[in-house]
Structures are given as C-alpha cells and as structure tokens.
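Worksheet for the structure shown next.
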Amino acid sequence: MPSDEKDLAARLLDAHVDFERRRLTDPVAFAAAAEEEIDAFLDVADHLPLEEAVSRDLIKAVAAKYAIGFPVEGAIPELVGRVASRLYGSSISDDIRLDDVLDRRRFDELAAGVADLGLSRRAVRRVLDSPATEDVCVEAVQRAVDSSRLPSGLAKAVDSVVERAVRRGARRILAANSAESDHLLLDAAREVWLAGADQRVREVLSDSDVEDTVVLAFEFWRTFRETDYFRSLLAEGVDEVFDTYGETPLSELLDELGVRRADLVEEAMRFGPAVIDRLDADGVVERALRRRLAPFYESTVFAEITGQR
C-alpha cells in the first residue's frame with residue numbers, strides 16, 4: 001500500500017475509532033444508541049416467532065450441556081457453601097426468629113395447602129397402612145418392655161404376648177386414624193411450629209446443618225441429572241415451551257415473561273455506562289474498536305474504494 005494511502009487509512013481509522021468511542025462513552029449518546037438498538041430489536045421481534053429464531057433441537061443441546069454436562073465439582077459447590085455459610089453467619093440472623101420469617105397466618109395457609117395435596121394424603125396413608133409401621137410400633141414397645149432379665153423361656157413368652165398385643169393394637173389405631181390422616185398431619189405441623197416459632201433461626205439450624213444441606217443437594221443433583229429420567233424431563237420441558245410458544249413472536253414472549261422495553265433500557269443504562277467507563281479508563285474500548293475496524297482500512301477493499309488500486 002502506497003504511503004499516502006496508508007496515511008489516509010490511518011487518519012480515517014483514528015477518526016472512526018474516536019467517533020465510535022465517544023458514542024459509547026458519552027452518557028447521552030450511549031442512551032440514544034441503546035434505545036435505538038432496543039427499538040430495532042423489538043421491531044424485528046414483533047414479526048419473528050420463537051421457532052424461526054432458534055430451533056428446539058438447538059435449545060435442547062444447550063440445555064443438556066449446562067444441566068447435564070456442565071461440571072458441578074470444584075468452585076461452584078464450594079462457592080455455594082461459602083455463600084450459605086456467610087448468610088447463616090450474618091449478624092442479621094442473631095435476633096431473627098422463625099415467626100419473623102414466616103408468621104402464624106402464612107404458616108397456617110402453607111400447612112393447610114400442603115395437607116390438602118394429594119401427594120401428602122397418599123404419603124401419610126401409605127405410611128399408616130404399611131406393615132413396616134406396625135413393626136416399628138412393636139419394636140418400640142418391645143424395647144420398653146425389657147424381658148432380658150427374665151428366664152429364657154419366660155422372656156420368649158413375654159415377648160410373644162407383647163408382640164401380638166401391640167400388633168393388634170397398633171393395627172387398630174393406625175386403621176382408625178387413617179381416615180383422619182389429613183387432620184393429623186396438619187395438627188402435627190401446627191404443634192411443631194408453635195413449639196418453635198419463638199426460637200431464633202440459629203437455635204433451629206446450625207452451621208453444620210447448612211453445610212450438610214448444601215452437600216446433600218449437590219450430591220442429589222450430581223446423580224439425578226445423569227439419569228435417563230431427567231434427560232427425558234428436560235427434553236419434554238423444551239418441547240412444551242416450543243409447542244406453547246413456538247409460533248409466538250419474540251416480543252410477545254418477552255411480555256409473557258414480564259420483560260418490557262422499559263426494563264431493557266433500564267438494565268442497559270444500569271450496566272452499560274459503568275462497565276464501559278471502567279474499560280475505557282484502561283484503554284480497552286479503544287483497543288477493541290481498533291481491532292475490529294483496522295482490518296477494513298488495511299484491506300484491498302478500502303484501497304479500491306479510495307481509488308488506490
């Protein structure tokens with residue numbers, strides 16, 4: 001490239017970089033550019049359905065990568081554990097009681113809702129109807145009735161009588177209460193809550209409880225996400241989204257999710273200027289613009305346009 005052409009290219013590149021940099025770093029210019037781009041996107045989104053913007057197979061692949069293939073070892077569980085421990089150790093938790101977190105009225109509503117769930121009813125009735133529950137009752141009474149000090153023959157007879165009597169009684173009691181299992185569950189939950197509502201959170205949960213819960217959650221997630229069942233659920237979930245919203249324009253989908261134009265502008269202005277100012281102070285913005293624009297001014301296309309070729 002001749003020297004005069006190089007000089008022209010360098011001057012135009014400098015001017016172009018400076019122009020784009022000022023558009024990004026000037027708050028008024030950035031706000032105008034952000035609104036312009038958001039409006040342009042929304043204009044396109046008004047006529048672009050989800051299924052035309054992206055395929056369900058592509059979304060399934062991305063979902064599988066991050067939900068199944070993405071590693072949960074290393075820094076992620078450690079960071080979650082540290083955050084949980086910090087929240088637990090925060091001074092604000094010193095005087096917080098259970099009823100400050102969930103008051104009596106809200107707890108009653110929640111407990112009643114859980115007790116009314118078909119799953120809760122089936123679970124309680126299955127426990128009450130299970131032979132294993134009878135066995136637990138029998139074992140508890142047999143341990144209370146210590147026959148070990150009796151002669152061997154008498155001890156066996158006592159154990160047999162106790163077992164038969166307790167098993168009959170347990171069977172009758174459990175059967176009688178099966179129909180009232182919903183009320184039993186709700187009353188038990190209320191009693192437990194009332195007994196501990198005045199306790200501070202730290203009196204109910206220890207630091208080790210928080211740590212153990214995080215570990216158990218990650219262990220469950222690590223194994224569950226690798227099952228065929230979870231893979232099927234994930235794929236079905238994506239299919240449901242596309243079956244429901246596949247023909248819906250992206251702008252309407254954003255509305256369904258509660259994301260409005262004002263929200264997009266607000267977040268652009270919340271993060272954009274602050275991040276760009278910091279990058280510009282280190283010269284990152286100028287270097288990035290120059291990296292993007294320089295190839296054009298050094299190309300044969302530019303030389304041909306300017307008549308140098």
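Going by the structure tokens order, chains are called A, B, ..., each with residues numbered from 1, while ligands are numbered from 1 in the order shown.
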
Polymer residues at most 10 Å from segment 68-72 of chain A, only C-alpha atoms, same-chain spacing of 5 or more positions, as an MDAnalysis selection string
chainID A and resid 62:63 77:78 218:219 221:227 230:231 234

Give one line per residue of segment 190-231 of chain A that approaches segment 89-100 of chain A to at most 7 Å, naming the two atoms of the closest pair and their distance in Å to one decimal, counting only C-alpha atoms; sort by chain then ascending residue number and deliver it as a tab-separated table.
residue	atom	partner	partner_atom	distance
A:Ala197	CA	A:Leu98	CA	5.1
A:Asp198	CA	A:Arg97	CA	5.9
A:Gln199	CA	A:Arg97	CA	5.4
A:Arg200	CA	A:Arg97	CA	3.9
A:Val201	CA	A:Arg97	CA	5.4

Those residues you just picked out, can you put them in a file as an mmCIF file, in the first residue's frame with N, CA, C and O atoms?
data_model
loop_
_atom_site.group_PDB
_atom_site.id
_atom_site.type_symbol
_atom_site.label_atom_id
_atom_site.label_comp_id
_atom_site.auth_asym_id
_atom_site.auth_seq_id
_atom_site.Cartn_x
_atom_site.Cartn_y
_atom_site.Cartn_z
ATOM 1 N N ALA A 197 -41.797 -21.516 67.155
ATOM 2 C CA ALA A 197 -41.947 -20.224 66.476
ATOM 3 C C ALA A 197 -41.153 -19.114 67.140
ATOM 4 O O ALA A 197 -40.708 -18.165 66.480
ATOM 5 N N ASP A 198 -40.975 -19.174 68.447
ATOM 6 C CA ASP A 198 -40.246 -18.126 69.167
ATOM 7 C C ASP A 198 -38.739 -18.353 69.174
ATOM 8 O O ASP A 198 -37.990 -17.535 69.708
ATOM 9 N N GLN A 199 -38.304 -19.464 68.622
ATOM 10 C CA GLN A 199 -36.875 -19.751 68.616
ATOM 11 C C GLN A 199 -36.173 -18.960 67.517
ATOM 12 O O GLN A 199 -36.746 -18.700 66.452
ATOM 13 N N ARG A 200 -34.949 -18.597 67.786
ATOM 14 C CA ARG A 200 -34.159 -17.938 66.760
ATOM 15 C C ARG A 200 -33.729 -18.953 65.704
ATOM 16 O O ARG A 200 -33.624 -20.143 65.984
ATOM 17 N N VAL A 201 -33.492 -18.452 64.507
ATOM 18 C CA VAL A 201 -33.125 -19.327 63.401
ATOM 19 C C VAL A 201 -31.891 -20.145 63.754
ATOM 20 O O VAL A 201 -31.804 -21.342 63.470
#

So that I can see what lies close to segment 258-260 of chain A, please list as a PyMOL selection string the residues with an atom at most 12 Å from it, counting only C-alpha atoms and leaving out residues fewer than 6 positions away in the same chain.
chain A and resi 38-39+42+250-252+266-267

Which neighbours of Ala9 of chain A fall inside 9 Å, counting only C-alpha atoms, when residues of the same chain fewer than 6 positions from it are skipped, and could you give them as a ChimeraX atom specification?
/A:294,297-298,302-303

Convert the current residue selection to file output with C-alpha atoms, as a tab-separated table (two decimals), in the first residue's frame.
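Okay, this is what ended up in part.tsv:
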chain	number	residue	atom	x	y	z
A	294	ALA	CA	-8.40	-1.76	11.39
A	297	TYR	CA	-8.77	0.16	6.46
A	298	GLU	CA	-5.86	-2.19	5.74
A	302	PHE	CA	-10.57	0.10	1.17
A	303	ALA	CA	-7.81	0.64	-1.41

Using only C-alpha atoms: which of A:Phe242, A:Trp193, A:Phe296, A:Phe220 has the shortest distance to Ile59 of chain A
A:Phe242

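Picture a line from atom CA of Val136 of chain A to atom CA of Leu216 of chain A; it runs 26.6 Å.
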
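Residues surrounding segment 187-189 of chain A within 10 Å are Phe107, Asp108, Ala111, Ala112, Ala115, Ser181 and Ala195 of chain A [only C-alpha atoms; sequence separation below 6 positions excluded].
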